[in-house]
>>> print(open('start-v3.txt').read())   # compact mmCIF, N, CA and C atoms
# COMPACT_ATOMS: atom_id res chain seq x y z
N MET S 1 61.05 3.23 -2.08
CA MET S 1 62.45 3.42 -1.72
C MET S 1 62.81 4.90 -1.82
N ALA S 2 63.72 5.31 -0.97
CA ALA S 2 64.25 6.68 -0.99
C ALA S 2 65.59 6.65 -1.73
N GLN S 3 65.92 7.74 -2.38
CA GLN S 3 67.17 7.81 -3.13
C GLN S 3 68.06 8.93 -2.60
N MET S 4 69.35 8.63 -2.49
CA MET S 4 70.33 9.64 -2.11
C MET S 4 70.56 10.58 -3.28
N THR S 5 70.69 11.87 -2.98
CA THR S 5 71.06 12.83 -3.99
C THR S 5 72.54 12.66 -4.33
N GLU S 6 72.99 13.32 -5.37
CA GLU S 6 74.41 13.27 -5.71
C GLU S 6 75.26 13.78 -4.55
N ARG S 7 74.81 14.84 -3.88
CA ARG S 7 75.57 15.38 -2.75
C ARG S 7 75.65 14.38 -1.60
N MET S 8 74.54 13.72 -1.30
CA MET S 8 74.55 12.70 -0.24
C MET S 8 75.53 11.58 -0.58
N GLN S 9 75.55 11.17 -1.84
CA GLN S 9 76.46 10.12 -2.27
C GLN S 9 77.92 10.59 -2.20
N GLU S 10 78.15 11.83 -2.60
CA GLU S 10 79.50 12.39 -2.54
C GLU S 10 80.03 12.38 -1.10
N LEU S 11 79.21 12.81 -0.16
CA LEU S 11 79.63 12.83 1.24
C LEU S 11 79.83 11.40 1.76
N PHE S 12 78.93 10.49 1.41
CA PHE S 12 79.07 9.09 1.82
C PHE S 12 80.41 8.52 1.36
N ASN S 13 80.76 8.78 0.12
CA ASN S 13 82.03 8.28 -0.43
C ASN S 13 83.24 8.96 0.21
N LYS S 14 83.06 10.19 0.65
CA LYS S 14 84.16 10.97 1.22
C LYS S 14 84.51 10.55 2.64
N VAL S 15 83.49 10.28 3.47
CA VAL S 15 83.77 9.94 4.87
C VAL S 15 84.35 8.54 4.95
N ARG S 16 85.30 8.39 5.85
CA ARG S 16 85.99 7.10 5.97
C ARG S 16 85.12 6.03 6.62
N ASN S 17 84.39 6.42 7.66
CA ASN S 17 83.55 5.48 8.40
C ASN S 17 82.14 6.01 8.55
N VAL S 18 81.21 5.07 8.68
CA VAL S 18 79.82 5.39 8.97
C VAL S 18 79.42 4.57 10.21
N VAL S 19 78.27 4.85 10.76
CA VAL S 19 77.78 4.09 11.91
C VAL S 19 76.54 3.32 11.49
N LEU S 20 76.56 2.01 11.73
CA LEU S 20 75.42 1.14 11.43
C LEU S 20 74.76 0.77 12.74
N ALA S 21 73.46 1.07 12.85
CA ALA S 21 72.70 0.74 14.05
C ALA S 21 71.70 -0.36 13.74
N THR S 22 71.68 -1.36 14.63
CA THR S 22 70.75 -2.47 14.52
C THR S 22 70.07 -2.64 15.86
N ALA S 23 69.12 -3.56 15.90
CA ALA S 23 68.45 -3.86 17.18
C ALA S 23 68.05 -5.33 17.17
N THR S 24 68.04 -5.91 18.35
CA THR S 24 67.55 -7.28 18.49
C THR S 24 66.06 -7.31 18.16
N GLY S 25 65.51 -8.49 18.05
CA GLY S 25 64.09 -8.63 17.78
C GLY S 25 63.22 -7.96 18.83
N ASP S 26 63.72 -7.88 20.09
CA ASP S 26 62.95 -7.24 21.15
C ASP S 26 63.38 -5.80 21.39
N GLY S 27 64.22 -5.24 20.48
CA GLY S 27 64.51 -3.81 20.53
C GLY S 27 65.79 -3.38 21.21
N ARG S 28 66.66 -4.30 21.65
CA ARG S 28 67.93 -3.91 22.29
C ARG S 28 68.87 -3.37 21.22
N PRO S 29 69.32 -2.10 21.31
CA PRO S 29 70.10 -1.47 20.25
C PRO S 29 71.57 -1.88 20.26
N ASN S 30 72.19 -1.73 19.09
CA ASN S 30 73.61 -1.97 18.89
C ASN S 30 74.06 -1.04 17.76
N ALA S 31 75.24 -0.44 17.91
CA ALA S 31 75.76 0.43 16.85
C ALA S 31 77.25 0.14 16.67
N VAL S 32 77.70 0.08 15.42
CA VAL S 32 79.09 -0.25 15.12
C VAL S 32 79.63 0.65 14.01
N PRO S 33 80.94 0.93 14.04
CA PRO S 33 81.55 1.67 12.95
C PRO S 33 81.76 0.75 11.75
N ILE S 34 81.58 1.31 10.56
CA ILE S 34 81.73 0.56 9.31
C ILE S 34 82.69 1.30 8.40
N GLY S 35 83.68 0.61 7.87
CA GLY S 35 84.60 1.20 6.91
C GLY S 35 84.47 0.60 5.52
N ALA S 36 84.10 -0.68 5.44
CA ALA S 36 83.99 -1.37 4.15
C ALA S 36 82.58 -1.20 3.62
N LYS S 37 82.38 -0.13 2.87
CA LYS S 37 81.06 0.25 2.39
C LYS S 37 81.17 0.83 0.99
N LYS S 38 80.15 0.65 0.20
CA LYS S 38 80.11 1.30 -1.11
C LYS S 38 78.68 1.43 -1.59
N ILE S 39 78.48 2.39 -2.46
CA ILE S 39 77.16 2.63 -3.04
C ILE S 39 77.00 1.74 -4.26
N ILE S 40 75.89 1.01 -4.30
CA ILE S 40 75.54 0.22 -5.50
C ILE S 40 74.76 1.11 -6.46
N ASP S 41 73.75 1.81 -5.92
CA ASP S 41 72.99 2.79 -6.69
C ASP S 41 72.38 3.76 -5.68
N ALA S 42 71.59 4.72 -6.13
CA ALA S 42 71.10 5.80 -5.27
C ALA S 42 70.22 5.33 -4.12
N GLU S 43 69.74 4.08 -4.19
CA GLU S 43 68.89 3.59 -3.11
C GLU S 43 69.42 2.31 -2.46
N THR S 44 70.67 1.94 -2.80
CA THR S 44 71.23 0.69 -2.28
C THR S 44 72.69 0.85 -1.89
N ILE S 45 73.03 0.36 -0.69
CA ILE S 45 74.40 0.40 -0.19
C ILE S 45 74.85 -1.03 0.11
N LEU S 46 76.11 -1.31 -0.19
CA LEU S 46 76.70 -2.61 0.14
C LEU S 46 77.66 -2.41 1.30
N ILE S 47 77.57 -3.28 2.30
CA ILE S 47 78.47 -3.27 3.45
C ILE S 47 79.07 -4.67 3.53
N SER S 48 80.38 -4.75 3.68
CA SER S 48 81.01 -6.06 3.83
C SER S 48 81.10 -6.42 5.31
N ASP S 49 80.76 -7.66 5.61
CA ASP S 49 80.84 -8.17 6.98
C ASP S 49 82.17 -8.89 7.18
N GLN S 50 83.06 -8.25 7.93
CA GLN S 50 84.29 -8.92 8.33
C GLN S 50 84.22 -9.39 9.79
N TYR S 51 83.58 -8.62 10.65
CA TYR S 51 83.64 -8.84 12.09
C TYR S 51 82.29 -8.91 12.78
N PHE S 52 81.20 -8.85 12.07
CA PHE S 52 79.89 -8.78 12.72
C PHE S 52 79.61 -10.02 13.57
N ASN S 53 79.18 -9.79 14.78
CA ASN S 53 78.71 -10.84 15.68
C ASN S 53 77.31 -10.47 16.14
N LYS S 54 77.21 -9.53 17.11
CA LYS S 54 75.90 -9.05 17.54
C LYS S 54 75.15 -8.43 16.38
N THR S 55 75.87 -7.67 15.57
CA THR S 55 75.24 -6.98 14.44
C THR S 55 74.61 -7.99 13.48
N LEU S 56 75.34 -9.06 13.16
CA LEU S 56 74.82 -10.09 12.26
C LEU S 56 73.60 -10.78 12.87
N ALA S 57 73.70 -11.14 14.13
CA ALA S 57 72.56 -11.77 14.80
C ALA S 57 71.35 -10.84 14.79
N ASN S 58 71.58 -9.56 15.05
CA ASN S 58 70.48 -8.60 15.02
C ASN S 58 69.85 -8.52 13.64
N MET S 59 70.67 -8.42 12.60
CA MET S 59 70.13 -8.28 11.24
C MET S 59 69.36 -9.52 10.81
N LYS S 60 69.78 -10.69 11.30
CA LYS S 60 69.05 -11.92 10.98
C LYS S 60 67.68 -11.95 11.64
N SER S 61 67.59 -11.43 12.86
CA SER S 61 66.30 -11.45 13.56
C SER S 61 65.46 -10.20 13.31
N ASN S 62 66.12 -9.11 12.92
CA ASN S 62 65.43 -7.84 12.69
C ASN S 62 66.17 -7.08 11.58
N PRO S 63 65.75 -7.21 10.34
CA PRO S 63 66.49 -6.61 9.23
C PRO S 63 66.34 -5.09 9.08
N ARG S 64 65.64 -4.44 9.98
CA ARG S 64 65.48 -2.98 9.93
C ARG S 64 66.70 -2.33 10.58
N VAL S 65 67.40 -1.46 9.83
CA VAL S 65 68.63 -0.85 10.32
C VAL S 65 68.64 0.64 10.02
N SER S 66 69.61 1.31 10.62
CA SER S 66 69.85 2.72 10.35
C SER S 66 71.34 2.92 10.14
N LEU S 67 71.68 3.79 9.23
CA LEU S 67 73.08 4.09 8.94
C LEU S 67 73.24 5.61 8.98
N MET S 68 74.26 6.08 9.71
CA MET S 68 74.49 7.52 9.84
C MET S 68 75.89 7.87 9.40
N TYR S 69 76.02 9.03 8.75
CA TYR S 69 77.34 9.53 8.38
C TYR S 69 77.29 11.05 8.33
N TRP S 70 78.44 11.66 8.61
CA TRP S 70 78.49 13.12 8.69
C TRP S 70 79.92 13.60 8.56
N GLU S 71 80.00 14.89 8.28
CA GLU S 71 81.27 15.62 8.31
C GLU S 71 80.93 17.06 8.65
N GLU S 72 81.63 17.56 9.66
CA GLU S 72 81.38 18.94 10.11
C GLU S 72 79.90 19.11 10.44
N ARG S 73 79.21 20.02 9.73
CA ARG S 73 77.81 20.34 10.03
C ARG S 73 76.85 19.79 8.99
N GLU S 74 77.28 18.77 8.25
CA GLU S 74 76.41 18.12 7.26
C GLU S 74 76.40 16.62 7.54
N GLY S 75 75.22 16.04 7.54
CA GLY S 75 75.13 14.61 7.78
C GLY S 75 73.75 14.08 7.48
N TYR S 76 73.69 12.76 7.35
CA TYR S 76 72.45 12.10 6.96
C TYR S 76 72.26 10.80 7.75
N GLN S 77 71.01 10.48 8.01
CA GLN S 77 70.63 9.20 8.59
C GLN S 77 69.77 8.48 7.57
N LEU S 78 70.17 7.27 7.23
CA LEU S 78 69.43 6.44 6.28
C LEU S 78 68.77 5.31 7.06
N LYS S 79 67.52 5.05 6.77
CA LYS S 79 66.82 3.93 7.41
C LYS S 79 66.31 3.01 6.33
N GLY S 80 66.36 1.72 6.62
CA GLY S 80 65.89 0.76 5.63
C GLY S 80 66.00 -0.67 6.11
N THR S 81 66.06 -1.57 5.14
CA THR S 81 66.06 -3.00 5.40
C THR S 81 67.25 -3.65 4.72
N VAL S 82 67.84 -4.63 5.39
CA VAL S 82 69.00 -5.33 4.83
C VAL S 82 68.66 -6.77 4.48
N THR S 83 69.42 -7.28 3.51
CA THR S 83 69.47 -8.71 3.23
C THR S 83 70.94 -9.10 3.32
N ILE S 84 71.18 -10.36 3.63
CA ILE S 84 72.53 -10.86 3.83
C ILE S 84 72.82 -11.89 2.74
N GLU S 85 73.89 -11.66 1.97
CA GLU S 85 74.26 -12.58 0.90
C GLU S 85 75.59 -13.24 1.24
N THR S 86 75.61 -14.55 1.22
CA THR S 86 76.84 -15.30 1.50
C THR S 86 77.19 -16.24 0.35
N SER S 87 76.56 -16.03 -0.78
CA SER S 87 76.89 -16.76 -2.00
C SER S 87 76.40 -15.93 -3.18
N GLY S 88 76.84 -16.29 -4.37
CA GLY S 88 76.42 -15.57 -5.56
C GLY S 88 77.42 -14.52 -6.00
N LYS S 89 77.12 -13.90 -7.14
CA LYS S 89 78.05 -12.96 -7.76
C LYS S 89 78.37 -11.76 -6.87
N ARG S 90 77.35 -11.14 -6.29
CA ARG S 90 77.60 -9.96 -5.48
C ARG S 90 78.48 -10.29 -4.28
N TYR S 91 78.25 -11.45 -3.65
CA TYR S 91 79.09 -11.87 -2.54
C TYR S 91 80.52 -12.13 -3.04
N GLU S 92 80.67 -12.83 -4.14
CA GLU S 92 82.01 -13.12 -4.68
C GLU S 92 82.75 -11.84 -5.04
N ASP S 93 82.03 -10.87 -5.61
CA ASP S 93 82.63 -9.56 -5.91
C ASP S 93 83.08 -8.86 -4.63
N THR S 94 82.29 -8.98 -3.57
CA THR S 94 82.63 -8.37 -2.28
C THR S 94 83.88 -9.03 -1.70
N VAL S 95 83.98 -10.34 -1.77
CA VAL S 95 85.17 -11.05 -1.28
C VAL S 95 86.41 -10.54 -2.01
N ARG S 96 86.33 -10.40 -3.34
CA ARG S 96 87.48 -9.90 -4.12
C ARG S 96 87.83 -8.46 -3.72
N TRP S 97 86.81 -7.63 -3.55
CA TRP S 97 87.02 -6.23 -3.16
C TRP S 97 87.74 -6.16 -1.81
N ILE S 98 87.30 -6.94 -0.84
CA ILE S 98 87.92 -6.93 0.49
C ILE S 98 89.33 -7.52 0.42
N ASP S 99 89.53 -8.55 -0.37
CA ASP S 99 90.88 -9.11 -0.56
C ASP S 99 91.82 -8.03 -1.11
N GLU S 100 91.35 -7.25 -2.08
CA GLU S 100 92.17 -6.17 -2.66
C GLU S 100 92.48 -5.10 -1.61
N LEU S 101 91.46 -4.69 -0.84
CA LEU S 101 91.69 -3.70 0.23
C LEU S 101 92.68 -4.23 1.26
N SER S 102 92.53 -5.48 1.61
CA SER S 102 93.40 -6.11 2.59
C SER S 102 94.85 -6.08 2.12
N ALA S 103 95.07 -6.44 0.86
CA ALA S 103 96.43 -6.44 0.31
C ALA S 103 96.98 -5.01 0.23
N LYS S 104 96.14 -4.07 -0.18
CA LYS S 104 96.56 -2.69 -0.34
C LYS S 104 97.03 -2.08 0.98
N PHE S 105 96.34 -2.39 2.07
CA PHE S 105 96.64 -1.79 3.36
C PHE S 105 97.41 -2.72 4.31
N GLY S 106 97.80 -3.90 3.82
CA GLY S 106 98.57 -4.81 4.65
C GLY S 106 97.78 -5.38 5.81
N LEU S 107 96.51 -5.64 5.60
CA LEU S 107 95.64 -6.19 6.64
C LEU S 107 95.26 -7.62 6.29
N SER S 108 94.69 -8.31 7.23
CA SER S 108 94.21 -9.66 6.94
C SER S 108 92.69 -9.70 7.10
N LEU S 109 92.01 -9.04 6.18
CA LEU S 109 90.55 -8.97 6.20
C LEU S 109 89.97 -10.05 5.31
N LYS S 110 88.86 -10.63 5.74
CA LYS S 110 88.12 -11.61 4.93
C LYS S 110 86.64 -11.28 5.06
N SER S 111 85.97 -11.16 3.93
CA SER S 111 84.53 -10.89 3.96
C SER S 111 83.76 -12.18 4.23
N LYS S 112 82.85 -12.11 5.20
CA LYS S 112 81.99 -13.25 5.52
C LYS S 112 80.62 -13.10 4.85
N GLY S 113 80.34 -11.90 4.32
CA GLY S 113 79.04 -11.70 3.70
C GLY S 113 78.89 -10.30 3.15
N ALA S 114 78.00 -10.18 2.19
CA ALA S 114 77.64 -8.89 1.61
C ALA S 114 76.29 -8.48 2.19
N ILE S 115 76.26 -7.36 2.89
CA ILE S 115 75.03 -6.85 3.47
C ILE S 115 74.47 -5.82 2.48
N ILE S 116 73.28 -6.07 1.98
CA ILE S 116 72.66 -5.19 0.99
C ILE S 116 71.58 -4.37 1.71
N PHE S 117 71.83 -3.07 1.78
CA PHE S 117 70.96 -2.14 2.51
C PHE S 117 70.12 -1.36 1.51
N LYS S 118 68.80 -1.58 1.55
CA LYS S 118 67.86 -0.84 0.70
C LYS S 118 67.33 0.34 1.50
N ILE S 119 67.59 1.54 1.01
CA ILE S 119 67.21 2.77 1.71
C ILE S 119 65.71 3.02 1.55
N GLU S 120 65.04 3.24 2.68
CA GLU S 120 63.60 3.53 2.66
C GLU S 120 63.29 4.96 3.08
N GLU S 121 64.15 5.54 3.93
CA GLU S 121 63.95 6.91 4.41
C GLU S 121 65.31 7.57 4.60
N ILE S 122 65.35 8.89 4.40
CA ILE S 122 66.57 9.66 4.62
C ILE S 122 66.21 10.89 5.46
N PHE S 123 67.02 11.12 6.52
CA PHE S 123 66.78 12.24 7.42
C PHE S 123 68.03 13.12 7.53
N ASN S 124 67.81 14.38 7.82
CA ASN S 124 68.89 15.35 8.01
C ASN S 124 69.51 15.17 9.40
N LEU S 125 70.83 15.09 9.46
CA LEU S 125 71.54 15.00 10.75
C LEU S 125 72.18 16.32 11.15
N ALA S 126 72.16 17.31 10.28
CA ALA S 126 72.84 18.57 10.57
C ALA S 126 72.17 19.28 11.75
N PRO S 127 72.98 19.90 12.61
CA PRO S 127 72.39 20.64 13.72
C PRO S 127 71.60 21.84 13.22
N GLY S 128 70.61 22.24 13.99
CA GLY S 128 69.81 23.41 13.62
C GLY S 128 68.34 23.06 13.55
N PRO S 129 67.55 23.99 13.06
CA PRO S 129 66.09 23.81 13.08
C PRO S 129 65.60 22.67 12.18
N ASP S 130 66.39 22.25 11.20
CA ASP S 130 65.97 21.16 10.32
C ASP S 130 66.54 19.81 10.74
N ALA S 131 67.20 19.74 11.90
CA ALA S 131 67.73 18.47 12.39
C ALA S 131 66.59 17.46 12.53
N GLY S 132 66.82 16.26 11.99
CA GLY S 132 65.80 15.23 12.06
C GLY S 132 64.73 15.31 10.99
N LYS S 133 64.78 16.32 10.14
CA LYS S 133 63.78 16.48 9.09
C LYS S 133 63.91 15.37 8.06
N ARG S 134 62.78 14.79 7.67
CA ARG S 134 62.81 13.77 6.63
C ARG S 134 63.07 14.43 5.28
N LEU S 135 64.07 13.91 4.58
CA LEU S 135 64.47 14.46 3.28
C LEU S 135 63.97 13.63 2.12
N ALA S 136 63.80 12.35 2.35
CA ALA S 136 63.30 11.45 1.27
C ALA S 136 62.72 10.21 1.92
>>> encode(input="start-v3.txt", output="structure tokens")
Amino acid sequence: MAQMTERMQELFNKVRNVVLATATGDGRPNAVPIGAKKIIDAETILISDQYFNKTLANMKSNPRVSLMYWEEREGYQLKGTVTIETSGKRYEDTVRWIDELSAKFGLSLKSKGAIIFKIEEIFNLAPGPDAGKRLA
């Protein structure tokens, strides 16, 4: 597993949205914006599923995903594997977290699942000669 540095985690927490890319079993790509995200630890990210349709189907047939986030001239691409939890403590905690966010912002969000993303590789997204360089 690859681990995010403190700076990578700081930027992840700072940006409002990230992009999650998935693909069907035969390689057809899909990318969606994600706002309900949090770091579990340096090598694990939790994403709440409120609206996934194609994305969920893709993750079920092909759990290899990529997540990208950036601000200005700094950014990272994380690659790894996801598992989908729809029961248990982590899922229940995610439901409560989304319920709290929903109430705070006056939205009607409901979590359908906790997506657990285990980071396997990290790449530089910043423009310049090191763009695409593997960092971890």
>>> atom_distance(input="start-v3.txt", atom1="atom N of Gly128 of chain S", atom2="atom CA of Tyr76 of chain S")
12.5 Å
>>> residues_around(input="start-v3.txt", residues="Phe12 of chain S", least_positions_apart="6", cutoff="8 Å", atoms="only N, CA and C atoms", output="list in words")
Glu6, Lys37, Lys38, Ile39, Tyr69 and Trp70 of chain S
>>> atom_distance(input="start-v3.txt", atom1="atom C of Gly132 of chain S", atom2="atom C of Ser61 of chain S")
25.6 Å
>>> atom_distance(input="start-v3.txt", atom1="atom CA of Glu43 of chain S", atom2="atom CA of Ser102 of chain S")
27.0 Å
>>> closest_residue(input="start-v3.txt", among="S:Ala114, S:Val95, S:Ala42, S:Ala126", to="Gln3 of chain S", atoms="all atoms listed in the file")
S:Ala42
>>> closest_residue(input="start-v3.txt", among="S:Gln50, S:Lys133, S:Arg7, S:Thr24", to="Lys110 of chain S", atoms="only N, CA and C atoms")
S:Gln50
>>> select_by_dssp(input="start-v3.txt", residues="segment 36-87 of chain S", states="alpha helix (DSSP H)", output="PyMOL selection string")
chain S and resi 54-61
>>> closest_residue(input="start-v3.txt", among="S:Lys104, S:Arg96, S:Arg64, S:Lys89", to="Ile119 of chain S", atoms="only C-alpha atoms")
S:Arg64
>>> residues_around(input="start-v3.txt", residues="Ala136 of chain S", least_positions_apart="2", cutoff="9 Å", atoms="only C-alpha atoms", output="ChimeraX atom specification")
/S:1-4,120-123,134
>>> select_by_dssp(input="start-v3.txt", residues="chain S", states="strand (DSSP E or B)", output="VMD selection string")
chain S and resid 18 to 23 29 to 34 37 to 41 44 to 49 64 to 71 74 to 85 113 to 124 134
>>> closest_residue(input="start-v3.txt", among="S:Ile34, S:Ala103, S:Leu56, S:Leu20", to="Gly80 of chain S", atoms="only C-alpha atoms")
S:Leu20
>>> decode(input="start-v3.txt", residues="segment 30-70 of chain S", atoms="C-alpha atoms", output="PDB file, in the first residue's frame")
ATOM      1  CA  ASN S  30     -16.562   6.867 -16.033  1.00  0.00           C
ATOM      2  CA  ALA S  31     -15.594   9.828 -13.824  1.00  0.00           C
ATOM      3  CA  VAL S  32     -17.707  11.619 -11.207  1.00  0.00           C
ATOM      4  CA  PRO S  33     -17.245  14.474  -8.732  1.00  0.00           C
ATOM      5  CA  ILE S  34     -17.177  13.454  -5.066  1.00  0.00           C
ATOM      6  CA  GLY S  35     -17.849  15.725  -2.094  1.00  0.00           C
ATOM      7  CA  ALA S  36     -18.589  13.244   0.721  1.00  0.00           C
ATOM      8  CA  LYS S  37     -15.084  11.987   1.415  1.00  0.00           C
ATOM      9  CA  LYS S  38     -12.774  11.610   4.366  1.00  0.00           C
ATOM     10  CA  ILE S  39      -9.425  10.123   5.258  1.00  0.00           C
ATOM     11  CA  ILE S  40      -9.496   7.048   7.492  1.00  0.00           C
ATOM     12  CA  ASP S  41      -5.694   6.765   7.619  1.00  0.00           C
ATOM     13  CA  ALA S  42      -2.706   7.557   5.369  1.00  0.00           C
ATOM     14  CA  GLU S  43      -3.524   4.690   3.008  1.00  0.00           C
ATOM     15  CA  THR S  44      -7.335   4.549   3.221  1.00  0.00           C
ATOM     16  CA  ILE S  45     -10.104   6.919   2.099  1.00  0.00           C
ATOM     17  CA  LEU S  46     -13.829   6.628   2.788  1.00  0.00           C
ATOM     18  CA  ILE S  47     -16.327   7.840   0.180  1.00  0.00           C
ATOM     19  CA  SER S  48     -20.061   7.886   0.848  1.00  0.00           C
ATOM     20  CA  ASP S  49     -22.357   6.685  -1.930  1.00  0.00           C
ATOM     21  CA  GLN S  50     -25.435   8.873  -2.208  1.00  0.00           C
ATOM     22  CA  TYR S  51     -26.001   8.861  -5.976  1.00  0.00           C
ATOM     23  CA  PHE S  52     -23.777   6.223  -7.579  1.00  0.00           C
ATOM     24  CA  ASN S  53     -25.352   4.296 -10.448  1.00  0.00           C
ATOM     25  CA  LYS S  54     -22.795   3.641 -13.211  1.00  0.00           C
ATOM     26  CA  THR S  55     -20.025   4.207 -10.686  1.00  0.00           C
ATOM     27  CA  LEU S  56     -21.426   1.571  -8.308  1.00  0.00           C
ATOM     28  CA  ALA S  57     -21.943  -0.933 -11.116  1.00  0.00           C
ATOM     29  CA  ASN S  58     -18.382  -0.307 -12.295  1.00  0.00           C
ATOM     30  CA  MET S  59     -16.899  -0.768  -8.810  1.00  0.00           C
ATOM     31  CA  LYS S  60     -18.805  -4.027  -8.367  1.00  0.00           C
ATOM     32  CA  SER S  61     -17.452  -5.448 -11.628  1.00  0.00           C
ATOM     33  CA  ASN S  62     -14.031  -3.766 -11.502  1.00  0.00           C
ATOM     34  CA  PRO S  63     -12.848  -2.539  -8.071  1.00  0.00           C
ATOM     35  CA  ARG S  64      -9.753  -0.769  -9.484  1.00  0.00           C
ATOM     36  CA  VAL S  65     -10.279   3.011  -9.303  1.00  0.00           C
ATOM     37  CA  SER S  66      -8.441   6.305  -9.487  1.00  0.00           C
ATOM     38  CA  LEU S  67      -9.081   9.436  -7.459  1.00  0.00           C
ATOM     39  CA  MET S  68      -7.708  12.872  -8.400  1.00  0.00           C
ATOM     40  CA  TYR S  69      -7.617  16.142  -6.512  1.00  0.00           C
ATOM     41  CA  TRP S  70      -5.804  19.430  -6.977  1.00  0.00           C
TER      42      TRP S  70
END
